[in-house]
Each structure stands twice: as structure tokens, then as C-alpha cells.
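To be precise, the following lines are my_file15.txt, and they hold compact mmCIF, C-alpha atoms.
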# COMPACT_ATOMS: atom_id res chain seq x y z
CA MET A 1 203.64 201.55 -79.23
CA ASN A 2 204.80 197.95 -79.54
CA ALA A 3 202.87 194.69 -79.24
CA ASN A 4 203.49 194.22 -75.52
CA GLN A 5 202.17 197.68 -74.70
CA LYS A 6 199.07 197.15 -76.83
CA MET A 7 198.41 193.97 -74.92
CA MET A 8 197.86 195.93 -71.73
CA THR A 9 196.38 199.22 -72.92
CA GLU A 10 194.10 198.32 -75.84
CA GLY A 11 191.35 195.80 -76.55
CA ALA A 12 189.28 193.56 -74.23
CA PRO A 13 191.02 193.48 -70.83
CA TRP A 14 190.07 189.89 -69.96
CA LYS A 15 191.72 188.49 -73.07
CA HIS A 16 194.95 190.32 -72.44
CA THR A 17 195.13 189.77 -68.68
CA LEU A 18 194.41 186.08 -69.21
CA ARG A 19 197.08 185.84 -71.91
CA PHE A 20 199.55 187.53 -69.60
CA ALA A 21 198.53 185.55 -66.50
CA LEU A 22 198.64 182.08 -68.03
CA PRO A 23 202.45 181.93 -68.34
CA VAL A 24 202.75 183.34 -64.80
CA LEU A 25 200.27 180.72 -63.61
CA ALA A 26 202.07 177.96 -65.47
CA GLY A 27 205.41 179.08 -64.02
CA SER A 28 203.99 179.08 -60.50
CA LEU A 29 202.50 175.66 -61.16
CA LEU A 30 205.92 174.38 -62.17
CA GLN A 31 207.38 175.74 -58.94
CA GLN A 32 204.69 174.06 -56.89
CA LEU A 33 205.11 170.80 -58.78
CA TYR A 34 208.80 170.93 -57.97
CA ASN A 35 208.04 171.66 -54.29
CA THR A 36 205.60 168.76 -54.25
CA VAL A 37 208.02 166.31 -55.86
CA ASP A 38 210.79 167.56 -53.57
CA THR A 39 208.60 166.84 -50.56
CA ILE A 40 207.67 163.41 -51.89
CA ILE A 41 211.33 162.52 -52.45
CA VAL A 42 212.42 163.76 -49.01
CA GLY A 43 209.49 162.08 -47.27
CA ASN A 44 210.02 158.73 -48.96
CA TYR A 45 213.84 158.57 -49.03
CA ALA A 46 214.98 160.67 -46.04
CA GLY A 47 212.20 160.05 -43.51
CA GLU A 48 209.63 162.00 -41.52
CA ALA A 49 212.25 163.88 -39.46
CA ALA A 50 213.89 165.22 -42.63
CA LEU A 51 210.47 166.09 -44.05
CA SER A 52 209.66 168.02 -40.88
CA ALA A 53 213.03 169.81 -41.05
CA VAL A 54 212.52 170.98 -44.62
CA GLY A 55 208.92 171.97 -43.95
CA THR A 56 209.67 174.00 -40.84
CA THR A 57 212.03 176.28 -42.82
CA ALA A 58 209.19 177.40 -45.12
CA SER A 59 208.36 180.60 -43.26
CA PHE A 60 212.01 181.70 -43.21
CA THR A 61 212.66 180.87 -46.85
CA PHE A 62 209.57 182.93 -47.61
CA LEU A 63 211.01 185.79 -45.56
CA PHE A 64 213.98 186.17 -47.91
CA LEU A 65 211.78 185.59 -50.93
CA ALA A 66 209.60 188.43 -49.62
CA VAL A 67 212.52 190.84 -49.80
CA ALA A 68 213.43 189.68 -53.32
CA MET A 69 209.86 189.83 -54.61
CA GLY A 70 209.00 193.07 -52.84
CA PHE A 71 211.82 195.19 -54.22
CA SER A 72 211.69 193.47 -57.60
CA THR A 73 208.01 194.42 -57.74
CA GLY A 74 208.85 198.00 -56.81
CA ASN A 75 211.35 198.21 -59.63
CA SER A 76 209.03 196.53 -62.11
CA ILE A 77 206.19 198.96 -61.39
CA VAL A 78 208.43 201.91 -62.23
CA VAL A 79 209.73 200.14 -65.34
CA ALA A 80 206.15 199.27 -66.41
CA GLN A 81 204.96 202.85 -66.03
CA ASN A 82 207.88 204.25 -68.01
CA TYR A 83 207.43 201.51 -70.59
CA GLY A 84 203.76 202.37 -70.93
CA ALA A 85 204.75 206.03 -71.40
CA GLY A 86 207.32 205.09 -74.07
CA ASP A 87 210.24 206.49 -72.04
CA GLU A 88 213.10 204.15 -73.03
CA LYS A 89 215.78 206.17 -71.28
CA ASN A 90 214.18 205.80 -67.86
CA VAL A 91 213.26 202.18 -68.52
CA ARG A 92 216.95 201.44 -68.99
CA ALA A 93 218.12 203.57 -66.05
CA ASN A 94 215.64 202.03 -63.61
CA ALA A 95 216.43 198.50 -64.75
CA SER A 96 220.17 199.01 -64.29
CA THR A 97 219.78 200.38 -60.78
CA GLY A 98 217.26 197.68 -59.86
CA ILE A 99 219.60 194.88 -60.93
CA LEU A 100 222.50 196.26 -58.90
CA LEU A 101 220.24 196.80 -55.89
CA LEU A 102 218.78 193.29 -55.88
CA MET A 103 222.13 191.60 -56.43
CA GLY A 104 223.52 193.47 -53.43
CA LEU A 105 220.53 192.50 -51.30
CA GLY A 106 221.00 188.88 -52.41
CA ILE A 107 224.59 188.77 -51.17
CA LEU A 108 223.58 190.35 -47.84
CA SER A 109 220.66 187.93 -47.44
CA ALA A 110 222.89 184.91 -48.07
CA LEU A 111 225.23 186.00 -45.28
CA VAL A 112 222.39 186.68 -42.86
CA GLY A 113 220.73 183.34 -43.60
CA VAL A 114 223.87 181.35 -42.85
CA LEU A 115 224.62 183.25 -39.65
CA VAL A 116 221.18 183.40 -38.00
CA ALA A 117 219.87 179.93 -38.86
CA ARG A 118 220.52 178.18 -35.57
CA PRO A 119 219.35 180.86 -33.12
CA ALA A 120 216.32 181.67 -35.30
CA PHE A 121 215.04 178.10 -35.53
CA HIS A 122 215.92 177.24 -31.95
CA TYR A 123 214.45 180.26 -30.16
CA LEU A 124 211.94 181.83 -32.54
CA VAL A 125 210.42 178.83 -34.30
CA ASN A 126 210.90 176.43 -31.36
CA VAL A 127 212.03 173.53 -33.55
CA PRO A 128 212.21 170.31 -31.49
CA GLU A 129 215.72 169.02 -30.76
CA ASP A 130 215.11 165.78 -32.66
CA PHE A 131 215.22 167.59 -36.01
CA LEU A 132 216.81 170.95 -35.17
CA ASP A 133 220.23 170.05 -36.60
CA LEU A 134 218.64 168.89 -39.86
CA THR A 135 216.67 172.12 -40.08
CA VAL A 136 219.74 174.31 -39.58
CA LEU A 137 221.81 172.30 -42.06
CA TYR A 138 219.15 172.54 -44.76
CA PHE A 139 218.61 176.27 -44.29
CA GLN A 140 222.30 177.21 -44.23
CA ILE A 141 222.98 175.40 -47.50
CA TYR A 142 219.79 176.84 -49.01
CA SER A 143 220.84 180.37 -48.00
CA VAL A 144 224.00 180.18 -50.11
CA GLY A 145 221.81 180.19 -53.22
CA LEU A 146 219.91 183.36 -52.27
CA ILE A 147 222.15 185.47 -54.50
CA PHE A 148 220.83 183.57 -57.51
CA GLN A 149 217.25 183.76 -56.27
CA PHE A 150 217.44 187.54 -55.92
CA GLY A 151 219.05 187.90 -59.34
CA TYR A 152 216.47 185.70 -61.02
CA ASN A 153 213.62 187.65 -59.43
CA ILE A 154 214.76 191.04 -60.67
CA PHE A 155 215.31 189.72 -64.20
CA SER A 156 211.90 188.03 -64.32
CA TYR A 157 210.06 191.04 -62.89
CA ILE A 158 211.70 193.38 -65.40
CA LEU A 159 210.55 191.06 -68.19
CA ARG A 160 207.02 191.05 -66.79
CA ALA A 161 207.09 194.84 -66.63
CA VAL A 162 207.46 195.01 -70.40
CA GLY A 163 204.69 192.45 -70.90
CA ASP A 164 206.85 189.34 -71.35
CA SER A 165 205.46 186.88 -68.82
CA ALA A 166 206.02 183.83 -71.03
CA ALA A 167 209.81 183.87 -70.81
CA THR A 168 209.89 183.12 -67.09
CA LEU A 169 207.87 179.98 -67.76
CA TYR A 170 210.74 178.52 -69.77
CA PHE A 171 213.29 179.39 -67.11
CA LEU A 172 211.16 177.77 -64.44
CA LEU A 173 210.64 174.69 -66.57
CA ILE A 174 214.39 174.22 -66.90
CA SER A 175 214.92 174.91 -63.20
CA SER A 176 212.13 172.61 -61.99
CA VAL A 177 213.14 169.65 -64.13
CA LEU A 178 216.78 170.07 -63.11
CA ASN A 179 215.80 170.41 -59.45
CA ILE A 180 213.79 167.19 -59.51
CA LEU A 181 216.57 165.27 -61.26
CA LEU A 182 219.14 166.54 -58.77
CA ASP A 183 216.83 165.69 -55.86
CA LEU A 184 216.58 162.14 -57.09
CA LEU A 185 220.35 161.95 -57.53
CA PHE A 186 221.36 163.62 -54.26
CA VAL A 187 218.61 162.33 -51.96
CA ALA A 188 217.42 159.01 -53.43
CA VAL A 189 220.72 157.78 -54.90
CA PHE A 190 223.51 159.45 -52.87
CA HIS A 191 221.41 159.59 -49.66
CA TRP A 192 222.59 163.07 -48.77
CA GLY A 193 219.26 163.84 -47.06
CA VAL A 194 218.36 167.47 -46.41
CA ALA A 195 221.82 168.63 -47.54
CA GLY A 196 221.21 167.09 -50.95
CA ALA A 197 217.76 168.69 -51.22
CA ALA A 198 219.19 172.13 -50.41
CA ALA A 199 222.12 171.73 -52.83
CA ALA A 200 219.72 170.72 -55.61
CA THR A 201 217.72 173.90 -55.01
CA ASP A 202 220.82 176.11 -55.11
CA ILE A 203 222.08 174.64 -58.37
CA SER A 204 218.71 174.93 -60.11
CA GLN A 205 218.34 178.56 -58.96
CA ALA A 206 221.76 179.34 -60.42
CA VAL A 207 220.72 177.88 -63.76
CA SER A 208 217.50 179.97 -63.75
CA PHE A 209 219.52 183.07 -62.98
CA ILE A 210 221.90 182.51 -65.89
CA ALA A 211 219.12 181.63 -68.35
CA ALA A 212 217.06 184.69 -67.41
CA TYR A 213 220.03 187.03 -67.72
CA PHE A 214 221.06 185.90 -71.20
CA TYR A 215 217.48 185.88 -72.47
CA MET A 216 216.85 189.41 -71.20
CA ILE A 217 219.93 190.99 -72.75
CA ARG A 218 219.52 189.21 -76.10
CA ARG A 219 215.75 189.57 -76.50
CA TYR A 220 215.54 193.21 -75.39
CA PRO A 221 218.33 195.53 -76.58
CA VAL A 222 217.21 198.16 -74.05
CA PHE A 223 218.43 195.82 -71.29
CA HIS A 224 221.68 194.82 -73.00
CA PHE A 225 224.15 196.30 -70.53
CA ARG A 226 227.83 195.78 -70.83
CA LEU A 227 229.51 195.45 -67.47
CA LYS A 228 230.67 199.08 -67.47
CA GLU A 229 227.18 200.23 -68.51
CA TYR A 230 225.57 199.16 -65.25
CA THR A 231 225.08 202.45 -63.48
CA TRP A 232 223.92 203.16 -59.96
CA ASN A 233 221.49 206.02 -59.50
CA GLY A 234 220.77 206.70 -55.85
CA ARG A 235 217.59 208.63 -56.61
CA LEU A 236 216.19 205.78 -58.69
CA ALA A 237 217.22 203.25 -56.05
CA VAL A 238 215.32 205.22 -53.43
CA LYS A 239 212.30 205.25 -55.73
CA THR A 240 212.44 201.46 -56.12
CA LEU A 241 212.86 201.04 -52.37
CA LYS A 242 210.02 203.45 -51.64
CA ILE A 243 207.57 201.64 -53.90
CA GLY A 244 208.88 198.16 -53.13
CA PHE A 245 209.12 198.52 -49.35
CA PRO A 246 205.37 198.24 -48.68
CA VAL A 247 205.25 195.19 -50.96
CA ALA A 248 208.23 193.60 -49.19
CA LEU A 249 206.82 194.57 -45.80
CA GLN A 250 203.50 192.96 -46.69
CA LEU A 251 205.25 189.69 -47.57
CA ILE A 252 207.54 189.92 -44.53
CA ILE A 253 204.49 190.27 -42.31
CA VAL A 254 203.08 187.16 -43.96
CA SER A 255 206.37 185.39 -43.27
CA PHE A 256 206.40 186.33 -39.59
CA GLY A 257 202.75 185.41 -39.26
CA LEU A 258 203.49 182.00 -40.76
CA THR A 259 206.49 181.68 -38.42
CA PHE A 260 204.25 182.03 -35.37
CA ILE A 261 201.76 179.59 -36.87
CA GLN A 262 204.64 177.18 -37.54
CA ARG A 263 205.70 177.56 -33.91
CA ALA A 264 202.20 176.53 -32.84
CA VAL A 265 202.35 173.57 -35.23
CA ASN A 266 205.72 172.45 -33.84
CA GLY A 267 204.17 172.48 -30.38
CA PHE A 268 202.03 169.50 -31.40
CA GLY A 269 205.09 167.41 -32.28
CA GLN A 270 206.89 165.95 -35.28
CA VAL A 271 203.85 164.11 -36.66
CA MET A 272 201.83 167.32 -36.90
CA THR A 273 204.81 169.17 -38.38
CA ALA A 274 205.20 166.55 -41.11
CA SER A 275 201.46 166.68 -41.83
CA PHE A 276 201.49 170.47 -41.96
CA THR A 277 204.44 170.43 -44.37
CA VAL A 278 202.48 168.31 -46.85
CA GLY A 279 199.28 170.30 -46.29
CA GLN A 280 201.05 173.58 -47.01
CA ARG A 281 202.58 172.21 -50.20
CA ILE A 282 199.15 171.22 -51.54
CA GLU A 283 197.47 174.38 -50.23
CA MET A 284 199.74 176.46 -52.44
CA TYR A 285 198.02 175.01 -55.52
CA LEU A 286 194.76 176.58 -54.38
CA ASN A 287 196.38 180.01 -54.36
CA LEU A 288 197.99 179.86 -57.80
CA PRO A 289 195.25 181.71 -59.74
CA CYS A 290 194.85 184.63 -57.33
CA ASN A 291 198.62 185.14 -57.08
CA ALA A 292 199.03 185.03 -60.88
CA PHE A 293 196.29 187.62 -61.38
CA HIS A 294 197.78 189.73 -58.60
CA ALA A 295 201.01 189.95 -60.62
CA THR A 296 199.04 190.53 -63.82
CA LEU A 297 196.96 193.40 -62.47
CA ALA A 298 200.07 195.13 -61.10
CA THR A 299 201.56 195.32 -64.61
CA TYR A 300 198.17 195.98 -66.23
CA THR A 301 197.43 198.87 -63.86
CA GLY A 302 200.95 200.32 -64.10
CA GLN A 303 200.97 200.35 -67.91
CA ASN A 304 197.48 201.82 -68.19
CA ILE A 305 198.36 204.59 -65.75
CA GLY A 306 201.51 205.28 -67.77
CA ALA A 307 199.38 205.45 -70.94
CA GLY A 308 196.83 207.73 -69.26
CA LYS A 309 194.03 205.10 -69.39
CA ILE A 310 193.13 204.62 -65.75
CA ASP A 311 189.44 204.06 -66.55
CA ARG A 312 190.37 200.68 -68.12
CA VAL A 313 191.53 199.42 -64.74
CA ARG A 314 188.05 198.92 -63.24
CA LEU A 315 186.87 196.91 -66.23
CA GLY A 316 189.99 194.77 -66.06
CA VAL A 317 189.41 194.12 -62.35
CA ARG A 318 185.86 192.88 -62.82
CA GLN A 319 186.78 190.51 -65.61
CA THR A 320 189.95 189.27 -63.92
CA LEU A 321 188.26 188.49 -60.60
CA LEU A 322 185.67 186.31 -62.31
CA ILE A 323 188.41 184.30 -64.00
CA SER A 324 190.36 184.05 -60.72
CA LEU A 325 187.29 182.75 -58.88
CA GLY A 326 186.45 180.21 -61.57
CA MET A 327 189.95 178.75 -61.67
CA THR A 328 190.18 178.59 -57.89
CA LEU A 329 186.85 176.77 -57.58
CA GLY A 330 188.06 174.16 -60.06
CA ILE A 331 191.33 173.51 -58.20
CA CYS A 332 189.58 173.42 -54.82
CA ALA A 333 187.11 170.82 -56.10
CA LEU A 334 189.96 168.61 -57.35
CA VAL A 335 191.83 168.83 -54.04
CA TRP A 336 188.67 168.03 -52.06
CA ILE A 337 187.91 164.98 -54.19
CA PHE A 338 191.43 163.57 -54.46
CA ALA A 339 192.90 164.65 -51.10
CA GLY A 340 193.29 161.08 -49.85
CA ASN A 341 195.04 159.91 -53.00
CA ILE A 342 197.37 162.91 -52.96
CA ILE A 343 198.42 162.33 -49.35
CA GLU A 344 199.39 158.72 -50.05
CA LEU A 345 202.25 159.94 -52.25
CA PHE A 346 204.21 161.51 -49.39
CA GLY A 347 204.98 158.54 -47.16
CA LEU A 348 203.26 159.99 -44.07
CA SER A 349 202.41 157.91 -41.03
CA ASP A 350 198.73 157.06 -40.49
CA GLN A 351 198.25 159.76 -37.87
CA ALA A 352 199.98 162.42 -39.97
CA ALA A 353 197.87 161.42 -42.99
CA GLU A 354 194.70 161.82 -40.91
CA TYR A 355 195.72 165.31 -39.86
CA CYS A 356 196.62 166.21 -43.43
CA LEU A 357 193.27 165.06 -44.84
CA ALA A 358 191.39 167.32 -42.43
CA HIS A 359 193.78 170.16 -43.32
CA LEU A 360 193.19 169.86 -47.07
CA ARG A 361 189.42 169.51 -46.79
CA ALA A 362 189.26 172.69 -44.71
CA VAL A 363 191.46 174.87 -46.91
CA SER A 364 189.61 173.69 -50.03
CA LEU A 365 186.70 175.70 -48.70
CA VAL A 366 188.43 178.57 -46.93
CA ASN A 367 190.94 179.57 -49.61
CA ILE A 368 188.20 180.43 -52.10
CA ILE A 369 188.01 183.76 -50.27
CA LEU A 370 191.56 184.62 -51.37
CA SER A 371 190.59 184.53 -55.06
CA LEU A 372 188.18 187.40 -54.46
CA TYR A 373 190.61 189.92 -53.00
CA ILE A 374 194.29 189.03 -53.56
CA PRO A 375 194.17 190.21 -57.24
CA LEU A 376 193.20 193.66 -55.96
CA PHE A 377 196.69 193.93 -54.45
CA GLY A 378 198.01 194.31 -58.00
CA VAL A 379 195.73 197.28 -58.61
CA PHE A 380 196.88 199.01 -55.44
CA GLN A 381 200.54 198.37 -56.22
CA GLY A 382 200.26 199.43 -59.87
CA ALA A 383 198.58 202.66 -58.77
CA ASN A 384 201.38 203.39 -56.25
CA HIS A 385 199.23 202.51 -53.24
CA SER A 386 201.52 199.70 -52.16
CA GLY A 387 200.86 200.38 -48.50
CA VAL A 388 197.31 199.05 -48.74
CA PRO A 389 198.28 195.37 -49.23
CA THR A 390 200.57 195.76 -46.23
CA VAL A 391 197.66 196.88 -44.08
CA VAL A 392 195.55 194.02 -45.40
CA ALA A 393 198.30 191.45 -44.79
CA THR A 394 198.81 192.76 -41.26
CA GLY A 395 195.12 192.51 -40.47
CA ALA A 396 194.69 189.07 -42.04
CA LEU A 397 197.83 187.48 -40.56
CA GLY A 398 197.28 189.14 -37.21
CA MET A 399 193.83 187.62 -37.06
CA ARG A 400 195.13 184.18 -38.09
CA VAL A 401 197.84 184.18 -35.43
CA LEU A 402 195.45 185.52 -32.78
CA VAL A 403 192.79 182.84 -33.28
CA THR A 404 195.45 180.12 -33.56
CA TYR A 405 196.87 180.89 -30.12
CA LEU A 406 193.46 181.58 -28.59
CA PHE A 407 191.81 178.36 -29.73
CA ARG A 408 194.62 175.77 -30.20
CA TYR A 409 193.77 174.10 -26.90
CA SER A 410 190.05 174.87 -26.90
CA ALA A 411 187.39 172.18 -26.79
CA PHE A 412 185.77 173.25 -30.07
CA PHE A 413 188.75 173.83 -32.38
CA GLY A 414 191.79 172.35 -30.68
CA TYR A 415 194.61 171.57 -33.12
CA THR A 416 192.25 172.02 -36.10
CA ILE A 417 192.55 175.81 -35.71
CA ILE A 418 195.90 175.39 -37.49
CA TRP A 419 194.00 175.09 -40.76
CA TRP A 420 190.71 176.82 -39.89
CA ASN A 421 192.47 180.08 -38.90
CA GLY A 422 192.28 181.15 -42.56
CA LEU A 423 188.51 181.50 -42.29
CA PHE A 424 188.98 184.36 -39.85
CA GLY A 425 192.10 185.86 -41.42
CA PHE A 426 191.04 185.79 -45.08
CA SER A 427 187.60 187.22 -44.26
CA THR A 428 189.36 190.12 -42.54
CA GLY A 429 191.55 190.68 -45.62
CA PHE A 430 188.53 190.54 -47.92
CA LEU A 431 186.67 193.23 -45.98
CA ILE A 432 189.64 195.63 -45.79
CA SER A 433 190.57 195.22 -49.49
CA TRP A 434 187.10 195.75 -50.87
CA THR A 435 186.36 198.66 -48.55
CA TYR A 436 189.41 200.50 -49.90
CA TYR A 437 188.82 199.55 -53.53
CA LEU A 438 185.17 200.64 -53.53
CA SER A 439 186.10 203.92 -51.85
CA ASN A 440 187.92 204.92 -55.10
CA ARG A 441 190.80 206.37 -53.08
CA TRP A 442 193.27 204.26 -55.07
CA LYS A 443 191.91 205.74 -58.31
CA LYS A 444 192.01 209.35 -57.25
CA GLY A 445 195.55 209.03 -56.02
CA ALA A 446 196.91 206.99 -58.94
CA TYR A 447 199.80 208.71 -60.66
CA LEU A 448 202.86 208.13 -62.80
CA VAL A 449 205.97 208.03 -60.64
CA GLU A 450 207.90 211.25 -61.13
CA GLU A 451 211.44 211.00 -62.39

Translate this file's structure into C-alpha cells.
Amino acid sequence: MNANQKMMTEGAPWKHTLRFALPVLAGSLLQQLYNTVDTIIVGNYAGEAALSAVGTTASFTFLFLAVAMGFSTGNSIVVAQNYGAGDEKNVRANASTGILLLMGLGILSALVGVLVARPAFHYLVNVPEDFLDLTVLYFQIYSVGLIFQFGYNIFSYILRAVGDSAATLYFLLISSVLNILLDLLFVAVFHWGVAGAAAATDISQAVSFIAAYFYMIRRYPVFHFRLKEYTWNGRLAVKTLKIGFPVALQLIIVSFGLTFIQRAVNGFGQVMTASFTVGQRIEMYLNLPCNAFHATLATYTGQNIGAGKIDRVRLGVRQTLLISLGMTLGICALVWIFAGNIIELFGLSDQAAEYCLAHLRAVSLVNIILSLYIPLFGVFQGANHSGVPTVVATGALGMRVLVTYLFRYSAFFGYTIIWWNGLFGFSTGFLISWTYYLSNRWKKGAYLVEE
């Protein structure tokens, strides 16, 4: 057993999950910092209409990311289990098939994104005519880079499966810095507007893709495939799809739920859309710890099942949730205190800034709930119960959409339901997740995926 395997299957769980999660958390922080700076640059140099256009694409960009992350997760769970069992042959075979599968899905997604942009944003999202063309332009250029996004995701998830979460941090650092520099060049200097912002994203994703690929094949000989050594195994592809589909479906449901919420936001006009764009960017910081520990517990659970040490999972969950809660409380306190100062950076109008302040104050309280149940998704996925997070996501997003449309014109909530809907949705997710976890059904059904 090598050092990475020992990290997950021996010793105090909290030390090892924290060590694994910190690079994931730092990488996610880099991504959010880039998104924040990108929004600041667009808002200050391209105007509120461009800011609204970029922001209103968020749910659809997340839709394609959901496919990439879902099936990358499915592949990584299988790789993690085989890695924990010391089965190098199947580690290599599953990685090869997973890479080919995700690259193919990336090409398909790029084509779909370019072709469906206008009808999707016009009819489904109900983007106002005053920034519809900007929205379509941004999304079509962004979609071209999906091939690199899919490729980067499968490489990074394979690395995480073998316990190497630190490497992705370096790739993201390079990508984020490059993205910011290109944003400044294309948007602030060349004045290319949303087209420049999208092009900057595509180029930085391509660089991440290349860096991740060369690191993976040089650092881990088991993944050093020559071109002719990439082999497609239909049975293994089906296994990745089977495990990854519930994960992807969960994220797709989130995407569609956010699409309907975005539609409600757009109904209040460009000022609200611009405010919501900024609010969402900052809200993502609140969710960084729970998402990082979600990814950590998926690998932790998968490796411990592969090593035949399922009893370690419960201990790891207790310790990890306490850390997740503590980190989230700290970030929420900072956002609550400095919300006004943060908003000033984005060049919002006075009315949009007022909306955004109320948004951030609300989610600073509501999103604490997420830290107490999202990490459990990793346990369910690592134990091959990937359908459970899908059920939770459906219940939570369904509740959020329902209360948004029920109360958006009510006397009590009105437009504020756009940010208070999480109170209802996240509470629903919390109850479903913990009911299933405490039932022990995930534990009794946990198994190593058969080859």
C-alpha cells in the first residue's frame, strides 16, 4: 500500500480528510476568485447589460459542467475502489475508458451548446431582448471550450481518486491567473465585451487541460498511455455511466432548478438580474467547504470500501461534518460583516446594490444548512448509492422553485423569495439526507463494484 492509500485507510480520519480537502478547497477558492474578478471586470468595463448577460448563462454553463462532473465522478469512484484494493490493471483500464468517454461527451456538448443557445435563452430562460444577443454570443463562444473543460475534469477526478488532490490546485492557479490577465486584456483593454470574457475562459481551460494531462502521465506511470494504448471497454464505460448518471442527474436537476429561478429573476428586470449575478458569485464562497468535503468523502468512502474498512466511514463523517460547519460559519460571518464593501467592487447601480445586500445577508444565514448535509453526498456516492443525492437534489430544488413561484408576488416575501427560497429547499435536503444516512441503508448496501 502506498502513501496515498494510507492517507485514506489508516490513522485519524479528520487529519487525512482535512489534508485531502484543503487543496480541493483552495482550488475551488481560486475558481471563485476568478469568477469574482471576471464579474468585477465585466461589470466595470462592459456595463450592467453585459454583466446581466454573463450572469444569466450561469445555470446553463452549470448544466454542461454537471455532465462533466457527474461522469468524471462515476469514473473516479471506480478508480478509487480499485486503487484501494491494489488492482492496478483495472485502475488503468477504467481510467483509459473514462478519458475516451469524457472527451467524446465534451465534443458533443460543445456542438449542442453552440446550436441551442438562442432558443434556450429566448424561450426557456426568458432573457429580455435588451441583452439577449449578448447572452447568446457569450454562451456560444464559451461552449467551444467545453471539450477542454470535460478533459480537465476527467484528469483531475482520476488524480483525486488516487489521493492526489493537491495537483489540481496548481492547474487551477495557472488557469485562474491566466483567465484574469486575459479578461483584463480582452475586456478592459481591447473592449471586446462578453466575447472577450468568453474567449479568456476558453483559453484558460485549454491550458488547464494540457497541464493536467502532462502531469498525470508523468507523475503516475499507471496513467501513462501512448496514443495506441487508449482502449475502449464498453463494459467499463457502462459501469462509469451507471455510477456517474445519478451524480450527473443530481447536478442537472440543480441546473434546471436554477434555470427556473433565473427565469423568475429575469422577470424583475435587468437591475435584479445584475444584482442576482453578483449575489450568486459571492454565495458560492459560502458553499466552498461543504462541496470540498463532499468530494473528499466520496474518495475516502470509496477507498475504505475497497480496503474492506467500511466501519471507518462513520467516524470520518462525524469529524468531517464538524470541520465543514466550522469553516462555513467563519465564511458566513465574513460575508455578513463585509457585504456592503464587497458589493461596491462590482459597479452596480444603487438599486441593484440594495437588492444584492439583502441577498447576501439572507444567504449568510440560510446556507449554513448546506454544510450539515452536502458532505453526506460523498458517502452515498462512494458507497455506490449515487441515486440518493439525486433524490435529495430533486426534493430541495423542487421546493426552492415551488416557493419562488408561489411567493414572488406575495405581500410577505415578494421579490425577496429569490434568496429566501433556500431556507425551504435546504431544510428539505437536510431532512432527506440525514433520514437515509441514519437508517444505515447506505452501509448495508455498500460494495466494491464488480469487474

Would you kindly return, as a compact mmCIF listing (two decimals) with C-alpha atoms, in the coordinates of the input, each protein, DNA or RNA residue with an atom no farther than 7 Å from any atom of Phe148 in chain A, considering all atoms listed in the file and excluding same-chain residues fewer than 6 positions away?
# COMPACT_ATOMS: atom_id res chain seq x y z
CA GLN A 205 218.34 178.56 -58.96
CA ALA A 206 221.76 179.34 -60.42
CA PHE A 209 219.52 183.07 -62.98

(request) Compare A:Ala85, A:Phe214, A:Ser433, A:Ser96 by their minimum atom-to-atom distance to Lys228 in chain A, counting all atoms listed in the file, and give me the closest one. (result)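 Distance minimum relative to Lys228 in chain A lands on A:Ser96.
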
(message) Please report the interatomic distance between CA of Gly414 in chain A and CA of Leu51 in chain A in Å with one decimal.
(response)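 Computing it gives 23.8 Å between the two atoms.
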
(request) Find the residues around range 393-404 of chain A up to 7 Å (only C-alpha atoms counted), leave out those fewer than 5 positions away in its own chain, and share them as a ChimeraX atom specification. (result) /A:250,253-254,257,260-261,417-418,421-422,424-426,428-429

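The closest residue to Tyr142 in chain A, picked from A:Thr296, A:Ser109, A:Thr390, A:Gln81 and counting all atoms listed in the file, is A:Ser109.
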
Which residues of range 147-217 of chain A come within 7 Å of range 26-36 of chain A, and what is each one's closest atom pair and distance in Å (one decimal), counting only C-alpha atoms, sorted by chain and residue number, as JSON lines?
{"residue": "A:Thr168", "atom": "CA", "partner": "A:Gly27", "partner_atom": "CA", "distance": 6.8}
{"residue": "A:Leu169", "atom": "CA", "partner": "A:Gly27", "partner_atom": "CA", "distance": 4.6}
{"residue": "A:Leu172", "atom": "CA", "partner": "A:Gly27", "partner_atom": "CA", "distance": 5.9}
{"residue": "A:Leu173", "atom": "CA", "partner": "A:Leu30", "partner_atom": "CA", "distance": 6.5}
{"residue": "A:Ser176", "atom": "CA", "partner": "A:Tyr34", "partner_atom": "CA", "distance": 5.5}
{"residue": "A:Ile180", "atom": "CA", "partner": "A:Tyr34", "partner_atom": "CA", "distance": 6.4}

(message) If I take CA of Ile40 in chain A and CA of Phe139 in chain A, how far is one from the other in Å, to one decimal?
(response) 18.5 Å

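Here CA of Lys444 in chain A stands at a distance of 13.0 Å from CA of Gly308 in chain A.
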
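Between Thr56 in chain A and the residues A:Val127, A:Leu105, A:Val189, A:Val317, the shortest atom-to-atom distance, using all atoms listed in the file, involves A:Val127.
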
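Shortest separation to Leu357 in chain A among A:Gly47, A:Gly193, A:Gly98, A:Gly279 occurs at residue A:Gly279, atoms counted being only C-alpha atoms.
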
Residues near Tyr152 in chain A, cut-off 8 Å, only C-alpha atoms, skip fewer than 3 positions along chain, as a compact mmCIF listing (two decimals) with C-alpha atoms, keeping the file's coordinate frame:
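File written: result37.txt
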# COMPACT_ATOMS: atom_id res chain seq x y z
CA PHE A 148 220.83 183.57 -57.51
CA GLN A 149 217.25 183.76 -56.27
CA PHE A 155 215.31 189.72 -64.20
CA SER A 156 211.90 188.03 -64.32
CA GLN A 205 218.34 178.56 -58.96
CA SER A 208 217.50 179.97 -63.75
CA PHE A 209 219.52 183.07 -62.98
CA ILE A 210 221.90 182.51 -65.89
CA ALA A 212 217.06 184.69 -67.41
CA TYR A 213 220.03 187.03 -67.72

(request) Please identify all polymer residues within 8 Å of range 48-50 of chain A, counting all atoms listed in the file, omitting same-chain residues fewer than 6 positions from it, and present them as a PyMOL selection string. (result) chain A and resi 42+130-131+134-135+193-194+270-271+274+348

Specify the axis-aligned box that encloses all atoms of range 138-144 of chain A listed in the file after padding of 4 Å on each side, stating its centre and edge lengths in Å to one decimal as AutoDock Vina command-line options.
--center_x 221.3 --center_y 176.5 --center_z -47.2 --size_x 13.4 --size_y 15.8 --size_z 13.9

(message) Please determine, counting all atoms listed in the file, which residue among A:Leu102, A:Val379, A:Ala333, A:Val366 has the shortest atom-to-atom distance to Val313 in chain A.
(response)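 Comparing A:Leu102, A:Val379, A:Ala333, A:Val366 against Val313 in chain A, the winner is A:Val379.
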
(request) Write out as a list in words the residues lying within 12 Å of Trp14 in chain A, counting all atoms listed in the file and excluding same-chain residues fewer than 5 positions away. (result)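 The residues satisfying every condition are Met7, Met8, Thr9, Arg19, Phe20, Ala21, Leu22, Phe293, Thr296, Leu297, Tyr300, Arg312, Val313, Arg314, Leu315, Gly316, Val317, Arg318, Gln319, Thr320, Leu321, Leu322, Ile323 and Ser324 of chain A.
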
(message) When you count only C-alpha atoms, which of these residues is closest to Ile147 in chain A: A:Asp183, A:Asp133, A:Asp202, A:Glu88?
(response)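 Of A:Asp183, A:Asp133, A:Asp202, A:Glu88, the one nearest Ile147 in chain A, counting only C-alpha atoms, is A:Asp202.
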
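All protein, DNA and RNA residues at most 9 Å from (195.8, 166.8, -49.6) are A:Val278, A:Gly279, A:Gln280, A:Arg281, A:Ile282, A:Glu283, A:Val335, A:Trp336, A:Phe338, A:Ala339, A:Gly340, A:Asn341, A:Ile342, A:Ile343, A:Glu344, A:Ala353, A:Cys356, A:Leu357, A:Ala358, A:His359, A:Leu360, A:Arg361, using only C-alpha atoms.
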